[in-house]
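entry_31.pdb (PDB, C-alpha atoms)
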```
MODEL        1
ATOM      1  CA  MET S1049      22.250 -13.702   4.437
ATOM      2  CA  LYS S1050      22.409 -11.383   7.464
ATOM      3  CA  LYS S1051      20.133 -11.260  10.459
ATOM      4  CA  TYR S1052      19.114  -8.023  12.147
ATOM      5  CA  PRO S1053      17.283  -7.814  15.466
ATOM      6  CA  VAL S1054      14.161  -5.658  15.576
ATOM      7  CA  GLU S1055      12.192  -4.427  18.570
ATOM      8  CA  VAL S1056       9.041  -6.450  19.156
ATOM      9  CA  TYR S1057       6.329  -4.891  21.287
ATOM     10  CA  GLN S1058       2.942  -6.591  21.553
ATOM     11  CA  ASN S1059       1.976  -7.119  17.903
ATOM     12  CA  LEU S1060       4.243  -4.395  16.573
ATOM     13  CA  LEU S1061       7.765  -4.403  15.143
ATOM     14  CA  PHE S1062      10.100  -1.414  15.240
ATOM     15  CA  THR S1063      13.516  -0.660  13.806
ATOM     16  CA  LYS S1064      15.652   2.395  13.132
ATOM     17  CA  GLY S1065      16.536   4.104   9.910
ATOM     18  CA  ALA S1066      19.136   6.674   8.915
ATOM     19  CA  ILE S1067      18.564   9.228   6.177
ATOM     20  CA  LYS S1068      20.984  11.601   4.494
ATOM     21  CA  GLY S1069      19.707  14.896   3.163
ATOM     22  CA  PRO S1070      21.506  17.918   1.718
ATOM     23  CA  GLN S1071      22.179  19.403   5.168
ATOM     24  CA  ARG S1072      22.360  16.545   7.664
ATOM     25  CA  ILE S1073      21.931  12.932   8.598
ATOM     26  CA  PHE S1074      19.095  11.995  10.889
ATOM     27  CA  THR S1075      17.947   8.737  12.394
ATOM     28  CA  ALA S1076      14.381   7.912  13.277
ATOM     29  CA  ARG S1077      12.299   5.160  14.793
ATOM     30  CA  LEU S1078      10.284   3.209  12.227
ATOM     31  CA  LEU S1079       7.252   0.965  12.527
ATOM     32  CA  ILE S1080       7.600  -2.051  10.247
ATOM     33  CA  ASP S1081       4.364  -2.263   8.273
ATOM     34  CA  THR S1082       3.822  -4.826   5.535
ATOM     35  CA  GLY S1083       0.506  -3.090   4.864
ATOM     36  CA  SER S1084       2.239   0.078   3.711
ATOM     37  CA  SER S1085       3.274   0.418   0.077
ATOM     38  CA  TYR S1086       5.941   2.993   0.840
ATOM     39  CA  THR S1087       8.470   3.965   3.461
ATOM     40  CA  ILE S1088       7.295   7.109   5.250
ATOM     41  CA  LEU S1089       9.223   9.762   7.173
ATOM     42  CA  PRO S1090       8.012  12.862   9.035
ATOM     43  CA  ILE S1091       7.811  16.136   7.129
ATOM     44  CA  GLU S1092       9.663  18.011   9.902
ATOM     45  CA  ALA S1093      12.631  15.640   9.771
ATOM     46  CA  LEU S1094      12.897  15.947   5.995
ATOM     47  CA  ILE S1095      12.818  19.737   6.220
ATOM     48  CA  ALA S1096      15.526  19.569   8.898
ATOM     49  CA  ALA S1097      17.554  17.299   6.628
ATOM     50  CA  GLY S1098      17.514  20.054   4.022
ATOM     51  CA  TYR S1099      14.572  19.326   1.755
ATOM     52  CA  ASP S1100      12.423  22.324   0.890
ATOM     53  CA  LEU S1101       9.044  20.764   0.236
ATOM     54  CA  THR S1102       7.707  24.002  -1.252
ATOM     55  CA  LEU S1103      10.055  23.484  -4.205
ATOM     56  CA  PHE S1104       8.498  20.146  -5.063
ATOM     57  CA  LYS S1105       5.757  20.335  -7.614
ATOM     58  CA  ASP S1106       2.329  18.759  -7.393
ATOM     59  CA  LYS S1107       3.425  16.068  -9.821
ATOM     60  CA  ASN S1108       5.612  14.749  -6.987
ATOM     61  CA  LYS S1109       2.551  14.227  -4.819
ATOM     62  CA  ILE S1110       0.842  10.896  -4.449
ATOM     63  CA  ARG S1111      -2.527   9.955  -3.050
ATOM     64  CA  LEU S1112      -2.033   8.281   0.311
ATOM     65  CA  THR S1113      -4.882   6.070   1.442
ATOM     66  CA  THR S1114      -5.028   5.402   5.181
ATOM     67  CA  ALA S1115      -7.441   3.576   7.487
ATOM     68  CA  SER S1116      -9.186   6.873   8.194
ATOM     69  CA  GLY S1117      -9.393   8.268   4.672
ATOM     70  CA  PHE S1118      -6.948   9.699   2.209
ATOM     71  CA  THR S1119      -4.549  12.584   1.841
ATOM     72  CA  PHE S1120      -1.842  13.741  -0.562
ATOM     73  CA  ALA S1121       1.834  13.613   0.279
ATOM     74  CA  HIS S1122       5.134  14.442  -1.391
ATOM     75  CA  LYS S1123       7.333  11.674  -2.723
ATOM     76  CA  ILE S1124      10.985  12.643  -2.285
ATOM     77  CA  ALA S1125      14.198  10.871  -3.220
ATOM     78  CA  VAL S1126      16.573  11.171  -0.261
ATOM     79  CA  GLN S1127      20.339  11.073  -0.871
ATOM     80  CA  TRP S1128      20.498   7.738   0.870
ATOM     81  CA  LEU S1129      18.501   5.591   3.240
ATOM     82  CA  HIS S1130      20.145   3.074   5.594
ATOM     83  CA  ILE S1131      17.957   0.451   7.255
ATOM     84  CA  LEU S1132      18.718  -3.089   8.456
ATOM     85  CA  GLY S1133      22.343  -2.725   7.443
ATOM     86  CA  ILE S1134      21.527  -1.822   3.847
ATOM     87  CA  LYS S1135      22.195   1.578   2.336
ATOM     88  CA  ILE S1136      20.358   2.564  -0.830
ATOM     89  CA  GLU S1137      21.140   5.805  -2.630
ATOM     90  CA  ASN S1138      18.600   8.149  -4.164
ATOM     91  CA  TYR S1139      15.728   6.364  -2.452
ATOM     92  CA  PRO S1140      12.116   7.583  -2.781
ATOM     93  CA  ILE S1141      10.169   8.012   0.438
ATOM     94  CA  ILE S1142       6.863   9.643   1.376
ATOM     95  CA  ALA S1143       6.859  12.829   3.479
ATOM     96  CA  TYR S1144       4.084  12.429   6.022
ATOM     97  CA  THR S1145       3.919  13.034   9.755
ATOM     98  CA  LEU S1146       2.312  10.216  11.703
ATOM     99  CA  PRO S1147      -0.045  10.925  14.635
ATOM    100  CA  GLU S1148       1.418  11.582  18.086
ATOM    101  CA  ASP S1149       0.311   8.343  19.734
ATOM    102  CA  ILE S1150       2.114   6.034  17.346
ATOM    103  CA  TYR S1151       5.453   5.432  19.012
ATOM    104  CA  ALA S1152       7.324   5.775  15.756
ATOM    105  CA  ASP S1153       8.485   8.601  13.526
ATOM    106  CA  GLY S1154       7.893   6.788  10.305
ATOM    107  CA  ILE S1155       7.072   3.544   8.565
ATOM    108  CA  LEU S1156       9.284   0.964   6.952
ATOM    109  CA  GLY S1157       7.099  -0.198   4.100
ATOM    110  CA  MET S1158       6.922  -2.959   1.541
ATOM    111  CA  ASP S1159       8.950  -0.994  -1.009
ATOM    112  CA  PHE S1160      12.109  -1.420   1.076
ATOM    113  CA  LEU S1161      11.227  -4.850   2.509
ATOM    114  CA  SER S1162      10.624  -6.234  -0.995
ATOM    115  CA  ARG S1163      13.788  -4.691  -2.371
ATOM    116  CA  ILE S1164      15.966  -6.396   0.247
ATOM    117  CA  ASN S1165      13.909  -9.602   0.067
ATOM    118  CA  ALA S1166      13.290  -9.459   3.819
ATOM    119  CA  ILE S1167      12.198 -12.504   5.773
ATOM    120  CA  ILE S1168      10.497 -11.514   9.021
ATOM    121  CA  ASP S1169      10.861 -13.880  11.972
ATOM    122  CA  ILE S1170       8.352 -12.388  14.387
ATOM    123  CA  LYS S1171       8.801 -14.943  17.165
ATOM    124  CA  ASN S1172      12.527 -14.235  17.446
ATOM    125  CA  GLY S1173      12.343 -10.557  16.506
ATOM    126  CA  ILE S1174      14.706 -10.932  13.575
ATOM    127  CA  ILE S1175      14.679  -9.800   9.969
ATOM    128  CA  GLN S1176      16.846 -11.716   7.530
ATOM    129  CA  VAL S1177      18.109  -9.780   4.548
ATOM    130  CA  HIS S1178      19.877 -10.919   1.400
TER     131      HIS S1178
ATOM    132  CA  MET C 604      27.096  11.632  26.997
ATOM    133  CA  LYS C 605      26.942   7.953  26.130
ATOM    134  CA  MET C 606      23.627   6.508  24.981
ATOM    135  CA  SER C 607      23.592   4.136  27.947
ATOM    136  CA  GLU C 608      23.793   7.188  30.257
ATOM    137  CA  ILE C 609      21.108   9.011  28.295
ATOM    138  CA  LYS C 610      18.767   6.039  28.730
ATOM    139  CA  LYS C 611      19.339   6.127  32.483
ATOM    140  CA  LYS C 612      18.745   9.857  32.738
ATOM    141  CA  TYR C 613      15.568  10.084  30.662
ATOM    142  CA  HIS C 614      12.510   7.912  30.928
ATOM    143  CA  ASN C 615       9.379   7.640  28.791
ATOM    144  CA  GLU C 616      10.344  10.630  26.702
ATOM    145  CA  TRP C 617      11.132  11.538  23.151
ATOM    146  CA  LEU C 618      14.630  12.896  22.698
ATOM    147  CA  LEU C 619      16.370  14.950  20.061
ATOM    148  CA  ILE C 620      20.058  14.126  20.144
ATOM    149  CA  GLU C 621      22.937  15.849  18.423
ATOM    150  CA  VAL C 622      25.063  12.820  17.683
ATOM    151  CA  SER C 623      28.846  12.769  18.032
ATOM    152  CA  LYS C 624      29.237   9.059  17.328
ATOM    153  CA  PHE C 625      27.131   6.433  15.549
ATOM    154  CA  ASP C 626      27.943   2.741  15.189
ATOM    155  CA  LYS C 627      28.052   1.206  11.707
ATOM    156  CA  ASP C 628      24.258   0.749  11.720
ATOM    157  CA  TYR C 629      23.632   4.339  12.816
ATOM    158  CA  ASN C 630      22.716   3.498  16.386
ATOM    159  CA  VAL C 631      23.679   6.357  18.675
ATOM    160  CA  ILE C 632      26.806   5.655  20.718
ATOM    161  CA  GLU C 633      27.385   9.156  22.035
ATOM    162  CA  GLY C 634      25.652  12.500  21.778
ATOM    163  CA  LYS C 635      24.101  15.515  23.445
ATOM    164  CA  VAL C 636      20.378  15.732  24.221
ATOM    165  CA  ILE C 637      19.150  19.042  22.843
ATOM    166  CA  ALA C 638      15.437  18.528  23.483
ATOM    167  CA  ASN C 639      13.309  16.154  25.543
ATOM    168  CA  SER C 640       9.566  15.857  25.896
ATOM    169  CA  PRO C 641       6.827  13.273  26.436
ATOM    170  CA  PHE C 642       5.360  14.639  23.207
ATOM    171  CA  LYS C 643       6.841  13.804  19.819
ATOM    172  CA  SER C 644       5.479  17.036  18.347
ATOM    173  CA  ASP C 645       7.711  19.066  20.717
ATOM    174  CA  ILE C 646      10.722  17.214  19.380
ATOM    175  CA  TYR C 647       9.687  17.918  15.793
ATOM    176  CA  SER C 648       9.414  21.632  16.616
ATOM    177  CA  ALA C 649      12.911  21.554  18.116
ATOM    178  CA  LEU C 650      14.157  19.636  15.092
ATOM    179  CA  LEU C 651      13.315  22.558  12.817
ATOM    180  CA  ARG C 652      15.564  24.832  14.926
ATOM    181  CA  CYS C 653      18.508  22.492  15.412
ATOM    182  CA  LYS C 654      21.902  23.104  13.829
ATOM    183  CA  GLY C 655      23.703  19.774  14.210
ATOM    184  CA  LYS C 656      24.911  17.756  11.236
ATOM    185  CA  LYS C 657      23.999  14.397  12.737
ATOM    186  CA  ILE C 658      20.675  14.172  14.526
ATOM    187  CA  ALA C 659      18.770  11.313  16.112
ATOM    188  CA  ILE C 660      15.178  11.113  17.256
ATOM    189  CA  GLU C 661      14.850   8.510  19.996
ATOM    190  CA  TYR C 662      12.129   7.324  22.339
ATOM    191  CA  VAL C 663      13.470   6.061  25.655
ATOM    192  CA  GLY C 664      11.350   4.149  28.115
ATOM    193  CA  GLU C 665       8.438   1.828  28.032
ATOM    194  CA  LEU C 666       5.570   1.838  25.591
ATOM    195  CA  PRO C 667       1.985   1.905  26.900
ATOM    196  CA  LYS C 668       0.744  -1.511  28.037
ATOM    197  CA  GLU C 669      -2.401  -1.334  25.949
ATOM    198  CA  MET C 670      -1.343  -0.010  22.591
ATOM    199  CA  ALA C 671      -3.112  -0.657  19.328
ATOM    200  CA  VAL C 672      -2.198   0.797  15.965
ATOM    201  CA  LEU C 673      -4.329   0.809  12.837
ATOM    202  CA  LEU C 674      -2.960   2.846   9.969
TER     203      LEU C 674
ENDMDL
END
```

Please lay out the structure from this file as structure tokens.
Amino acid sequence: MKKYPVEVYQNLLFTKGAIKGPQRIFTARLLIDTGSSYTILPIEALIAAGYDLTLFKDKNKIRLTTASGFTFAHKIAVQWLHILGIKIENYPIIAYTLPEDIYADGILGMDFLSRINAIIDIKNGIIQVH
Amino acid sequence: MKMSEIKKKYHNEWLLIEVSKFDKDYNVIEGKVIANSPFKSDIYSALLRCKGKKIAIEYVGELPKEMAVLL
């Protein structure tokens, strides 16, 4: 079992993630959200990484329900995703740009947290992974 | 420029960094700031024009004291 420090601010937890696309690697700041089904990354970053979202068909879109309503977003498998010391290849994420005032680029959701069997120690700002 | 130097130079801003060196967990060790702004959207615009192979989006500084998020 490994322990990874995360940034705790007020009632929020942040970490970083690295993503590999066809053209480049980028890293982004992620809000850890156990209320999110999926891991989410900004559309602009995915385009910059080399994904042409216009080539993805509507069947790749999913309905995304948020606190303020719903929208549709592309589900894309990135070449790899590296978060909390774990790299997973061909990983599906949601392409969606979060509002400006959220101090994060994306969301680390339950899909990834479940897959690595994460244990969140909020008091000490640590996530244990198996 | 080292990340420690970048953090001293910029404050309460979003940065787009062309990275020359990551650590094993993809934290930036060294890189060049190619865009900086208090607004994340400016960084995303710059991101679409950037040419680097390794790119990091970072926020340096303090977060607002009263911040609430509901997604």

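Proximity ranking of C:Pro641, C:Glu633, C:Leu618, C:Lys624 relative to C:Met604 places C:Glu633 first, based on all atoms listed in the file.
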
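The residues caught by the PyMOL selection byres ((chain C) within 7 of (chain S)) in this file are Asp628, Tyr629, Lys643, Ser644, Tyr647, Leu650, Leu651, Lys656, Lys657, Ile658, Ala659, Ile660, Glu661, Val672, Leu673 and Leu674 of chain C.
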
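Reported to one decimal place, the separation of atom CA of S:Phe1118 from atom CA of S:Phe1160 is 22.1 Å.
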
Could you list the residues chosen by the PyMOL selection byres ((chain C and resi 635) around 6) in this structure as an NGL selection string? :C and (620-621 or 634 or 636)

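Residue membership of the PyMOL selection byres ((chain S and resi 1168) around 10) in the shown file amounts to Lys1051, Tyr1052, Val1054, Leu1061, Ile1080, Leu1161, Asn1165, Ala1166, Ile1167, Asp1169, Ile1170, Lys1171, Asn1172, Gly1173, Ile1174, Ile1175, Gln1176 and Val1177 of chain S.
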
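A straight line drawn from atom CA of S:Val1126 to atom CA of S:His1178 is 22.4 Å long.
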
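Relative to atom CA of S:Leu1089, atom CA of C:Asn615 is found at 21.7 Å.
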
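With only C-alpha atoms as the atoms that count, the minimum distance from C:Gly655 to the choices C:Ile632, C:Met670, C:Val622, C:Ala638 is reached by C:Val622.
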
Need to verify the contact set: C:His614, 10 Å, all atoms listed in the file, exclusion of same-chain residues closer than 4 positions in sequence. Can you return it as a PDB file with C-alpha atoms, in the frame of the given file?
```
ATOM      1  CA  ILE C 609      21.108   9.011  28.295  1.00  0.00           C
ATOM      2  CA  LYS C 610      18.767   6.039  28.730  1.00  0.00           C
ATOM      3  CA  LEU C 618      14.630  12.896  22.698  1.00  0.00           C
ATOM      4  CA  ASN C 639      13.309  16.154  25.543  1.00  0.00           C
ATOM      5  CA  SER C 640       9.566  15.857  25.896  1.00  0.00           C
ATOM      6  CA  PRO C 641       6.827  13.273  26.436  1.00  0.00           C
ATOM      7  CA  TYR C 662      12.129   7.324  22.339  1.00  0.00           C
ATOM      8  CA  VAL C 663      13.470   6.061  25.655  1.00  0.00           C
ATOM      9  CA  GLY C 664      11.350   4.149  28.115  1.00  0.00           C
ATOM     10  CA  GLU C 665       8.438   1.828  28.032  1.00  0.00           C
TER      11      GLU C 665
END
```
